$ cat structure_6.txt   # compact mmCIF, C-alpha atoms
# COMPACT_ATOMS: atom_id res chain seq x y z
CA MET A 1 3.94 -9.01 7.14
CA PRO A 2 4.59 -5.39 8.29
CA LEU A 3 1.45 -4.31 6.40
CA ALA A 4 -0.79 -6.65 8.40
CA GLY A 5 -3.30 -4.99 10.68
CA GLY A 6 -3.14 -1.81 8.64
CA ILE A 7 0.64 -1.16 8.91
CA ILE A 8 1.95 -3.02 11.95
CA GLN A 9 -1.52 -2.98 13.47
CA HIS A 10 -1.93 0.79 13.32
CA GLY A 11 -5.41 0.11 11.94
CA TYR A 12 -5.17 1.66 8.47
CA GLN A 13 -5.95 -0.15 5.19
CA CYS A 14 -6.32 -3.91 5.67
CA GLY A 15 -3.22 -5.93 4.81
CA MET A 16 -5.28 -7.86 2.25
CA LEU A 17 -5.74 -4.64 0.30
CA TRP A 18 -2.03 -3.83 0.36
CA GLY A 19 -1.23 -7.35 -0.83
CA ALA A 20 -3.84 -7.34 -3.58
CA THR A 21 -2.51 -4.03 -4.90
CA LEU A 22 1.04 -5.39 -5.01
CA ALA A 23 -0.31 -8.38 -6.95
CA ALA A 24 -2.01 -5.99 -9.38
CA GLY A 25 1.31 -4.25 -9.95
CA ALA A 26 2.96 -7.57 -10.73
CA GLN A 27 0.32 -8.24 -13.37
CA ALA A 28 0.75 -4.72 -14.79
CA TYR A 29 4.46 -5.35 -15.18
CA ARG A 30 3.81 -8.65 -16.98
CA ARG A 31 1.39 -6.96 -19.38
CA PHE A 32 3.02 -3.56 -19.93
CA GLY A 33 6.60 -3.76 -18.72
CA LYS A 34 8.10 -0.78 -16.90
CA GLY A 35 7.22 2.90 -17.13
CA PRO A 36 4.27 5.26 -16.65
CA GLN A 37 1.73 3.14 -18.55
CA ALA A 38 2.30 0.18 -16.25
CA GLU A 39 2.33 2.48 -13.21
CA ALA A 40 -0.97 4.03 -14.29
CA ARG A 41 -2.54 0.59 -14.74
CA SER A 42 -1.38 -0.35 -11.25
CA ILE A 43 -3.04 2.75 -9.82
CA ILE A 44 -6.27 2.05 -11.73
CA ALA A 45 -6.26 -1.48 -10.36
CA GLY A 46 -5.67 -0.07 -6.88
CA GLN A 47 -8.73 2.15 -7.27
CA ARG A 48 -10.87 -0.80 -8.28
CA LEU A 49 -9.49 -2.95 -5.47
CA VAL A 50 -10.28 -0.31 -2.87
CA GLU A 51 -13.86 0.01 -4.15
CA SER A 52 -14.34 -3.76 -4.22
CA PHE A 53 -12.93 -4.28 -0.74
CA HIS A 54 -15.11 -1.50 0.66
CA GLY A 55 -18.17 -2.97 -1.00
CA LEU A 56 -17.55 -6.36 0.62
CA ASN A 57 -16.58 -5.13 4.07
CA ASN A 58 -18.19 -1.67 4.42
CA ASN A 59 -14.77 -0.19 5.16
CA THR A 60 -11.13 -0.46 4.13
CA ASN A 61 -9.42 0.16 7.47
CA CYS A 62 -8.49 -2.69 9.78
CA LEU A 63 -9.50 -0.77 12.92
CA GLU A 64 -13.04 -0.17 11.72
CA ILE A 65 -13.40 -3.80 10.64
CA THR A 66 -11.86 -5.51 13.68
CA GLY A 67 -12.22 -2.90 16.41
CA ILE A 68 -8.58 -3.35 17.48
CA ASP A 69 -5.24 -1.75 16.70
CA ASN A 70 -1.81 -1.40 18.31
CA SER A 71 -3.29 0.56 21.21
CA SER A 72 -5.63 -2.28 22.17
CA SER A 73 -4.92 -4.16 25.39
CA THR A 74 -3.80 -7.77 25.56
CA ILE A 75 -7.23 -8.69 26.85
CA GLN A 76 -8.90 -6.97 23.89
CA MET A 77 -6.59 -8.79 21.47
CA PHE A 78 -7.26 -12.12 23.19
CA THR A 79 -11.01 -11.52 23.14
CA TYR A 80 -11.10 -10.65 19.44
CA PHE A 81 -8.78 -13.32 18.06
CA LEU A 82 -9.55 -16.26 20.33
CA ILE A 83 -12.95 -15.79 21.92
CA LYS A 84 -14.69 -14.01 19.03
CA GLY A 85 -12.89 -16.04 16.36
CA GLY A 86 -11.27 -13.04 14.69
CA THR A 87 -8.61 -15.14 12.99
CA ILE A 88 -11.23 -17.33 11.32
CA GLY A 89 -13.14 -14.21 10.33
CA CYS A 90 -10.06 -12.76 8.63
CA PHE A 91 -9.49 -16.03 6.75
CA ARG A 92 -13.09 -15.91 5.54
CA MET A 93 -12.64 -12.31 4.43
CA ALA A 94 -9.54 -13.28 2.47
CA ALA A 95 -11.32 -16.22 0.82
CA LYS A 96 -14.19 -13.93 -0.20
CA TYR A 97 -12.01 -11.08 -1.38
CA ALA A 98 -9.46 -13.07 -3.39
CA PRO A 99 -11.72 -13.93 -6.36
CA ALA A 100 -13.18 -10.41 -6.36
CA ALA A 101 -9.67 -8.92 -6.40
CA PHE A 102 -8.66 -11.26 -9.21
CA ARG A 103 -11.57 -10.00 -11.33
CA GLU A 104 -10.82 -6.35 -10.61
CA ILE A 105 -7.15 -6.77 -11.53
CA ASN A 106 -8.00 -8.44 -14.82
CA CYS A 107 -10.54 -5.73 -15.68
CA ALA A 108 -8.04 -2.97 -14.93
CA MET A 109 -5.50 -4.57 -17.24
CA SER A 110 -7.89 -5.17 -20.14
CA GLU A 111 -10.03 -2.02 -20.28
CA GLU A 112 -9.24 0.93 -22.52
CA HIS A 113 -7.83 3.90 -20.62
CA ALA A 114 -6.58 7.36 -21.41
CA GLU A 115 -2.97 7.91 -22.37
CA ALA A 116 -0.56 7.43 -19.47
CA PRO A 117 0.94 10.56 -17.87
CA ALA A 118 4.59 11.48 -18.17
CA ALA A 119 6.94 9.71 -15.77
CA PRO A 120 6.95 9.34 -12.89
CA ALA A 121 3.28 8.47 -12.52
CA SER A 122 3.46 7.15 -8.95
CA CYS A 123 5.17 8.40 -5.79
CA SER A 124 5.52 4.86 -4.44
CA ALA A 125 7.11 3.64 -7.70
CA LEU A 126 9.52 6.58 -7.57
CA LEU A 127 10.43 5.65 -4.01
CA ALA A 128 11.01 2.04 -5.06
CA GLN A 129 13.39 3.24 -7.75
CA LYS A 130 15.23 5.39 -5.20
CA MET A 131 15.59 2.29 -3.02
CA GLY A 132 17.25 0.43 -5.89
CA VAL A 133 14.77 -2.35 -6.55
CA SER A 134 14.01 -3.97 -9.90
CA ASP A 135 11.68 -2.48 -12.50
CA MET A 136 9.14 -5.16 -11.64
CA HIS A 137 9.12 -4.26 -7.96
CA ALA A 138 8.79 -0.57 -8.80
CA VAL A 139 5.67 -1.25 -10.87
CA MET A 140 4.34 -3.53 -8.14
CA ALA A 141 4.59 -0.64 -5.68
CA ALA A 142 3.01 1.87 -8.07
CA GLY A 143 -0.63 1.16 -7.19
CA LEU A 144 -0.03 2.07 -3.54
CA ALA A 145 0.25 5.74 -4.56
CA GLY A 146 -1.95 8.29 -2.85
CA GLY A 147 -2.92 5.91 -0.08
CA ILE A 148 -3.64 2.91 -2.37
CA GLY A 149 -5.27 3.84 -5.65
CA LEU A 150 -5.31 7.57 -4.72
CA SER A 151 -7.87 6.84 -1.98
CA GLY A 152 -6.18 9.15 0.51
CA GLY A 153 -5.51 6.49 3.15
CA ALA A 154 -2.24 5.64 4.86
CA CYS A 155 0.68 6.73 2.68
CA GLY A 156 1.53 4.35 -0.15
CA ALA A 157 5.19 5.35 -0.09
CA LEU A 158 5.39 4.24 3.55
CA GLY A 159 3.82 0.91 2.63
CA ALA A 160 6.26 0.51 -0.25
CA ALA A 161 9.24 1.30 1.99
CA LEU A 162 8.15 -1.29 4.57
CA TRP A 163 7.59 -3.91 1.89
CA ILE A 164 10.91 -3.29 0.13
CA THR A 165 12.82 -3.31 3.41
CA GLY A 166 11.20 -6.62 4.24
CA LEU A 167 12.29 -8.04 0.87
CA ASN A 168 15.85 -6.91 1.52
CA ILE A 169 15.87 -8.53 4.96
CA LEU A 170 14.80 -11.83 3.42
CA LYS A 171 17.46 -11.52 0.72
CA GLN A 172 20.06 -11.17 3.46
CA GLY A 173 19.18 -14.63 4.74
CA ALA A 174 16.38 -14.14 7.25
CA ARG A 175 13.87 -17.00 7.24
CA LYS A 176 10.95 -14.77 8.15
CA LEU A 177 10.20 -11.15 8.94
CA ASP A 178 10.13 -9.98 12.53
CA TYR A 179 6.81 -8.22 13.04
CA LYS A 180 8.50 -5.64 15.29
CA SER A 181 11.97 -5.39 13.77
CA PRO A 182 14.08 -2.28 14.53
CA SER A 183 14.32 -1.46 10.82
CA THR A 184 10.53 -1.31 10.57
CA PHE A 185 10.21 1.13 13.45
CA ASP A 186 13.10 3.19 12.06
CA ILE A 187 11.20 3.62 8.77
CA ILE A 188 8.03 4.69 10.58
CA ASP A 189 9.98 7.12 12.76
CA ARG A 190 11.63 8.78 9.73
CA PHE A 191 8.29 8.86 7.95
CA LEU A 192 6.42 10.57 10.79
CA LYS A 193 9.15 13.16 11.38
CA ASN A 194 9.05 14.17 7.70
CA GLY A 195 5.29 13.79 7.20
CA GLY A 196 4.05 16.07 9.94
CA TYR A 197 3.32 13.08 12.20
CA GLU A 198 0.44 12.04 9.98
CA PHE A 199 -0.05 8.63 8.40
CA GLU A 200 -2.73 9.39 5.83
CA CYS A 201 -1.86 10.76 2.40
CA SER A 202 -4.81 13.16 2.30
CA LYS A 203 -3.70 14.77 5.58
CA ILE A 204 -0.04 14.99 4.58
CA VAL A 205 -0.81 16.55 1.19
CA GLY A 206 -3.86 18.48 2.37
CA ARG A 207 -6.22 16.96 -0.20
CA ARG A 208 -7.07 13.85 -2.18
CA PHE A 209 -5.80 13.53 -5.73
CA GLU A 210 -8.48 13.87 -8.39
CA SER A 211 -6.78 11.73 -11.03
CA ILE A 212 -3.60 9.89 -11.97
CA GLU A 213 -2.41 12.96 -13.88
CA ASP A 214 -3.11 15.16 -10.86
CA HIS A 215 -0.98 12.88 -8.70
CA ALA A 216 1.76 12.59 -11.33
CA GLU A 217 1.98 16.37 -11.60
CA HIS A 218 2.29 16.60 -7.82
CA VAL A 219 5.23 14.19 -7.88
CA ARG A 220 6.90 15.85 -10.88
CA SER A 221 6.68 19.26 -9.21
CA GLY A 222 8.56 17.96 -6.17
CA GLY A 223 5.60 17.18 -3.96
CA CYS A 224 6.53 14.88 -1.07
CA ALA A 225 10.17 14.92 -2.22
CA ASN A 226 11.53 15.35 1.32
CA LEU A 227 9.36 12.51 2.55
CA LEU A 228 10.47 10.19 -0.26
CA ASP A 229 14.13 11.04 0.33
CA ALA A 230 13.76 10.35 4.04
CA LEU A 231 12.18 6.95 3.40
CA ALA A 232 14.83 6.01 0.85
CA ALA A 233 17.68 7.11 3.12
CA GLY A 234 17.61 3.94 5.19

$ encode --input "structure_6.txt" --output "structure tokens"
Amino acid sequence: MPLAGGIIQHGYQCGMLWGATLAAGAQAYRRFGKGPQAEARSIIAGQRLVESFHGLNNNTNCLEITGIDNSSSTIQMFTYFLIKGGTIGCFRMAAKYAPAAFREINCAMSEEHAEAPAAPASCSALLAQKMGVSDMHAVMAAGLAGGIGLSGGACGALGAALWITGLNILKQGARKLDYKSPSTFDIIDRFLKNGGYEFECSKIVGRRFESIEDHAEHVRSGGCANLLDALAAG
């Protein structure tokens, strides 16, 4: 839920893309277990999912697709969702993207790929481990690395932190997630203070990662360590 609208309606990558990438990670864990090979497969799937989503919708960001974000007025929200039928449009997008995502995930799991890098292969998987989740959930988060599949968009570690925090809230007995819960805004506040008040991975790091090994080396050398520690601290 917190990933809807491109991270609480900030307009970044569509929530469908975040969800599809988490699903890809679940499949990677089923096929390869834990560790860098599974993490690498999750990232490869994320890359394919980003390309597929962009091909279907001409963009990956919610703002560019819908024209609204958290700065939009109530009237603009009302106009898009009720008068222009935005809700129905999003349902149609999901129905169209789901089978495409399913194919991309299966291809990413079955194709031959180069040897996996040394651990850790993914910043978002490393964060998940720091937050104490299961091996499966760590691999599920892996594909979010580098702004989902190394695409440079909104930080995958932030997305992973929001998702894991939501899981923990549900485990504590909540029936549903509050879209604007204090814990969600606390995570975003800590993230922005330690990420130079930028959301996008490419702006925080100063570049886009060229490969999985390039990203893995960045993580192993301590890149984004302060940011990951700040996100895990909650």

$ closest_residue --input "structure_6.txt" --among "A:Met16, A:Met77, A:Leu228, A:Cys123" --to "Ala94 of chain A" --atoms "only C-alpha atoms"
A:Met16

$ closest_atom_pairs --input "structure_6.txt" --of "segment 71-182 of chain A" --to "segment 30-34 of chain A" --cutoff "9 Å" --atoms "only C-alpha atoms" --output "JSON lines"
{"residue": "A:Met109", "atom": "CA", "partner": "A:Arg31", "partner_atom": "CA", "distance": 7.6}
{"residue": "A:Asp135", "atom": "CA", "partner": "A:Lys34", "partner_atom": "CA", "distance": 5.9}
{"residue": "A:Met136", "atom": "CA", "partner": "A:Lys34", "partner_atom": "CA", "distance": 6.9}
{"residue": "A:Ala138", "atom": "CA", "partner": "A:Lys34", "partner_atom": "CA", "distance": 8.1}
{"residue": "A:Val139", "atom": "CA", "partner": "A:Lys34", "partner_atom": "CA", "distance": 6.5}

$ atom_distance --input "structure_6.txt" --atom1 "atom CA of Glu213 of chain A" --atom2 "atom CA of Gly196 of chain A"
24.9 Å

$ residues_around --input "structure_6.txt" --residues "Ile105 of chain A" --least-positions-apart "6" --cutoff "12 Å" --atoms "all atoms listed in the file" --output "ChimeraX atom specification"
/A:20-28,31,41-50,52,98-99,111,143

$ atom_distance --input "structure_6.txt" --atom1 "atom CA of Ser134 of chain A" --atom2 "atom CA of Glu198 of chain A"
28.9 Å

$ atom_distance --input "structure_6.txt" --atom1 "atom CA of Lys193 of chain A" --atom2 "atom CA of Ala128 of chain A"
19.9 Å

$ residues_around --input "structure_6.txt" --residues "Gly55 of chain A" --least-positions-apart "4" --cutoff "12 Å" --atoms "all atoms listed in the file" --output "VMD selection string"
chain A and resid 48 to 51 59 to 60 96 to 97 100 to 101

$ write_last_selection --input "structure_6.txt" --atoms "C-alpha atoms" --output "PDB file, in the frame of the given file"
ATOM      1  CA  ARG A  48     -10.870  -0.800  -8.280  1.00  0.00           C
ATOM      2  CA  LEU A  49      -9.490  -2.950  -5.470  1.00  0.00           C
ATOM      3  CA  VAL A  50     -10.280  -0.310  -2.870  1.00  0.00           C
ATOM      4  CA  GLU A  51     -13.860   0.010  -4.150  1.00  0.00           C
ATOM      5  CA  ASN A  59     -14.770  -0.190   5.160  1.00  0.00           C
ATOM      6  CA  THR A  60     -11.130  -0.460   4.130  1.00  0.00           C
ATOM      7  CA  LYS A  96     -14.190 -13.930  -0.200  1.00  0.00           C
ATOM      8  CA  TYR A  97     -12.010 -11.080  -1.380  1.00  0.00           C
ATOM      9  CA  ALA A 100     -13.180 -10.410  -6.360  1.00  0.00           C
ATOM     10  CA  ALA A 101      -9.670  -8.920  -6.400  1.00  0.00           C
TER      11      ALA A 101
END

$ residues_around --input "structure_6.txt" --residues "segment 167-172 of chain A" --least-positions-apart "3" --cutoff "12 Å" --atoms "all atoms listed in the file" --output "list in words"
Met1, Pro2, Ala128, Met131, Gly132, Val133, Ser134, His137, Ala160, Ala161, Leu162, Trp163, Ile164, Arg175, Lys176, Leu177, Asp178, Ser181, Pro182, Ser183, Thr184 and Gly234 of chain A

$ closest_residue --input "structure_6.txt" --among "A:Pro36, A:Cys201, A:Ala119, A:Lys130" --to "Gly156 of chain A" --atoms "all atoms listed in the file"
A:Cys201
